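Participant: Please see the structure below; I have some questions.
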Amino acid sequence: MKYDEVETPLQLLDFMNDHIAYGFKGTDGELYTEDDSEKFKFGEETIWKLSSPSKVLEDGYGICWDQVEFERQWFVEHDFVVKTLFMWFELDHENPYTTHTFLIYEEENKYCLFEHADCQNRGIKKFDSYKEALYYQIENHLKSNKKIAPVPKDIVECLHIYEYQKPPYEINKYDFIDFILDTGVQIL
C-alpha cells in the first residue's frame, strides 16, 4: 500500500509497520538506530533534529517525537480530533529515564491511543475516557523505565504529561522540550 492510499487508522498503522522504523537519519547523513545504543544516544543529543512528516516518509525512520508528527499530519488531514502528548519525569537534575510522545484520537465516542514508536505496545487501543488512555500510557511508561533504573515513589510523582500543538520542524532535542514546556498544557 502507498501512503496516499491509507484511509483508516488501522491502515496507517500497517503502513508504518511496513515503512517506518525507530531511529533517525542525522544531519550528518548517517543512520542512528538503537542497534548501536552509544551512537544513538550521542546522535540524539547532538545531531538529531525534529523531522517533518515528509522527511519521516522519505527516510523511513523516526523516533517517537518524529513519528507523532507524521501521525498528527495524517489524522488532521483525515478530519480526526487529535491530542498529541509528551510524557517525562520532570526532575531538577539529569536522570536516566526516557521521555515519550504519543497521539490519542477520537472515533465513535472512544479515545483511541495510536502507538507505533513503542514497539512493545504497538497498536491501537480504545478507551471510554481520555483519562483511561492516559493512565494506560503511564503504566506502560513506568514499566519500560523500570527496565532502565528503579523508579521510586518520589520519582513517579515527578512524571508529567503535557498536551502540545505542532512544533516547528528541524529543532533539536532541547528546543523541542522547551517548546512543549513553554507552549504546552500540563494535564497531569
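For the C-alpha cells, the naming scheme is as follows: chains receive sequential letters (A, B, ...) according to their order of presentation, residues are indexed from 1 within each chain, and ligands are indexed from 1 in presentation order.
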Can you tell me which residues surround Asp79 (chain A) at a distance of at most 12 Å, considering only C-alpha atoms, apart from same-chain residues fewer than 2 positions away, and format the answer as a PyMOL selection string?
Facilitator: chain A and resi 7-9+72-77+81-82+105-107
Participant: Residues of the last selection are to be written out with C-alpha atoms, as a PDB file, in the first residue's frame.
Facilitator:
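As a result, out_38.pdb now contains:
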ATOM      1  CA  GLU A   7      -7.717   5.675   4.507  1.00  0.00           C
ATOM      2  CA  THR A   8      -8.120   4.361   8.078  1.00  0.00           C
ATOM      3  CA  PRO A   9      -6.092   4.460  11.307  1.00  0.00           C
ATOM      4  CA  ARG A  72      -0.623  14.058  13.505  1.00  0.00           C
ATOM      5  CA  GLN A  73      -0.492  15.156   9.890  1.00  0.00           C
ATOM      6  CA  TRP A  74      -2.367  12.085   8.658  1.00  0.00           C
ATOM      7  CA  PHE A  75      -5.074  12.294  11.335  1.00  0.00           C
ATOM      8  CA  VAL A  76      -5.621  16.036  10.875  1.00  0.00           C
ATOM      9  CA  GLU A  77      -5.794  15.640   7.085  1.00  0.00           C
ATOM     10  CA  VAL A  81      -9.788  15.244  16.550  1.00  0.00           C
ATOM     11  CA  VAL A  82      -6.343  14.517  17.977  1.00  0.00           C
ATOM     12  CA  TYR A 105      -7.587  10.425  18.502  1.00  0.00           C
ATOM     13  CA  GLU A 106     -11.348  10.372  18.892  1.00  0.00           C
ATOM     14  CA  GLU A 107     -13.535   7.943  16.962  1.00  0.00           C
TER      15      GLU A 107
END
Participant: Once you count only C-alpha atoms, what closest atom pair and distance in Å to one decimal does each residue of region 55-171 of chain A within 9 Å of region 14-21 of chain A have, with rows by chain and rising residue number, as CSV?
Facilitator:
residue,atom,partner,partner_atom,distance
A:Val56,CA,A:Ile20,CA,7.4
A:Leu57,CA,A:Ile20,CA,7.2
A:Asp59,CA,A:Ile20,CA,8.1
A:Gly60,CA,A:Ile20,CA,4.4
A:Tyr61,CA,A:Ala21,CA,4.8
A:Gly62,CA,A:Ala21,CA,6.5
A:Ile63,CA,A:Ala21,CA,8.2
A:Gln67,CA,A:Ile20,CA,8.4
A:His116,CA,A:Met16,CA,7.4
A:Ala117,CA,A:Ala21,CA,7.8
Participant: Nearest to Leu159 (chain A): which of A:Leu103, A:Cys119, A:Val185, A:Met87 is it, counting only C-alpha atoms?
Facilitator: A:Met87
Participant: In terms of the shortest atom-to-atom distance over only C-alpha atoms, which of A:His100, A:Lys110, A:Lys49, A:Lys2 is closest to Phe80 (chain A)?
Facilitator: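 Looking only at the distances to Phe80 (chain A), the closest residue turns out to be A:Lys110.
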Participant: What are the DSSP strand (DSSP E or B) residues of region 124-175 of chain A, as a ChimeraX atom specification?
Facilitator: /A:124-127,159-164
Participant: Take CA of Tyr174 (chain A) and CA of Ile47 (chain A) and report the distance between them in Å, one decimal.
Facilitator: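 Taking CA of Tyr174 (chain A) and CA of Ile47 (chain A), their separation equals 11.6 Å.
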Participant: As a ChimeraX atom specification, please: the residues near Lys173 (chain A) (cut-off 10 Å, only C-alpha atoms, same-chain neighbours under 6 positions excluded).
Facilitator: /A:44-50,65,179
Participant: Would you save the residues from that selection as a PDB file, in the first residue's frame, using N, CA and C atoms?
Facilitator:
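Saved as selection-v8.pdb:
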ATOM      1  N   GLU A  44      21.316  11.429  19.251  1.00  0.00           N
ATOM      2  CA  GLU A  44      20.083  12.056  19.743  1.00  0.00           C
ATOM      3  C   GLU A  44      20.395  13.363  20.475  1.00  0.00           C
ATOM      4  N   GLU A  45      21.503  13.374  21.197  1.00  0.00           N
ATOM      5  CA  GLU A  45      21.903  14.566  21.956  1.00  0.00           C
ATOM      6  C   GLU A  45      22.472  15.664  21.063  1.00  0.00           C
ATOM      7  N   THR A  46      23.156  15.291  19.975  1.00  0.00           N
ATOM      8  CA  THR A  46      23.947  16.277  19.235  1.00  0.00           C
ATOM      9  C   THR A  46      23.539  16.488  17.779  1.00  0.00           C
ATOM     10  N   ILE A  47      22.945  15.472  17.138  1.00  0.00           N
ATOM     11  CA  ILE A  47      22.722  15.541  15.696  1.00  0.00           C
ATOM     12  C   ILE A  47      21.253  15.507  15.311  1.00  0.00           C
ATOM     13  N   TRP A  48      20.412  14.888  16.118  1.00  0.00           N
ATOM     14  CA  TRP A  48      19.000  14.739  15.794  1.00  0.00           C
ATOM     15  C   TRP A  48      18.318  16.103  15.672  1.00  0.00           C
ATOM     16  N   LYS A  49      17.428  16.206  14.705  1.00  0.00           N
ATOM     17  CA  LYS A  49      16.528  17.359  14.539  1.00  0.00           C
ATOM     18  C   LYS A  49      15.143  16.799  14.266  1.00  0.00           C
ATOM     19  N   LEU A  50      14.113  17.464  14.749  1.00  0.00           N
ATOM     20  CA  LEU A  50      12.736  17.021  14.544  1.00  0.00           C
ATOM     21  C   LEU A  50      12.424  16.991  13.054  1.00  0.00           C
ATOM     22  N   TRP A  65       9.152  11.240  18.718  1.00  0.00           N
ATOM     23  CA  TRP A  65       8.833  12.648  18.506  1.00  0.00           C
ATOM     24  C   TRP A  65       8.540  12.913  17.035  1.00  0.00           C
ATOM     25  N   PHE A 179       9.949  23.988  23.745  1.00  0.00           N
ATOM     26  CA  PHE A 179       8.702  24.334  23.056  1.00  0.00           C
ATOM     27  C   PHE A 179       7.505  23.766  23.826  1.00  0.00           C
TER      28      PHE A 179
END
Participant: I need the residue nearest Lys153 (chain A) from this list: A:Phe114, A:Phe89, A:Tyr135, A:Tyr169. Use only C-alpha atoms for the distance.
Facilitator: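 Residue with the minimum atom-to-atom distance to Lys153 (chain A): A:Phe89.
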Participant: According to DSSP computed on the backbone, where in chain A is there alpha helix (DSSP H)? Give the residues as a PyMOL selection string.
Facilitator: chain A and resi 9-19+37-46+53-59+64-77+130-146+153-156+173-183
Participant: Fewer than 5 positions away in the same chain doesn't count, so skip those; otherwise give me all residues within 12 Å of region 90-97 of chain A, counting only C-alpha atoms, as a list of chain:residue names.
Facilitator: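 The residues satisfying every condition are A:Lys41, A:His141, A:Leu142, A:Lys143, A:Ser144, A:Asn145, A:Lys146, A:Lys147, A:Ile148, A:Ala149, A:Pro150, A:Val151, A:Asp154, A:Ile155, A:Val156, A:Glu157, A:Cys158, A:Leu159, A:His160, A:Ile161, A:Tyr162, A:Ile177, A:Leu181, A:Gln186, A:Leu188.
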Participant: Measuring between only C-alpha atoms, which one of A:Phe70, A:Tyr164, A:Phe127, A:Tyr22 shows the shortest distance to Asn109 (chain A)?
Facilitator: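 Ranked by minimum distance to Asn109 (chain A), first place goes to A:Phe127.
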Participant: Point out the residue among A:His78, A:Asp35, A:Tyr111, A:Phe102 with the least atom-to-atom distance to Ile138 (chain A), counting only C-alpha atoms.
Facilitator: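 With only C-alpha atoms as the atom set, the closest residue is A:Phe102.
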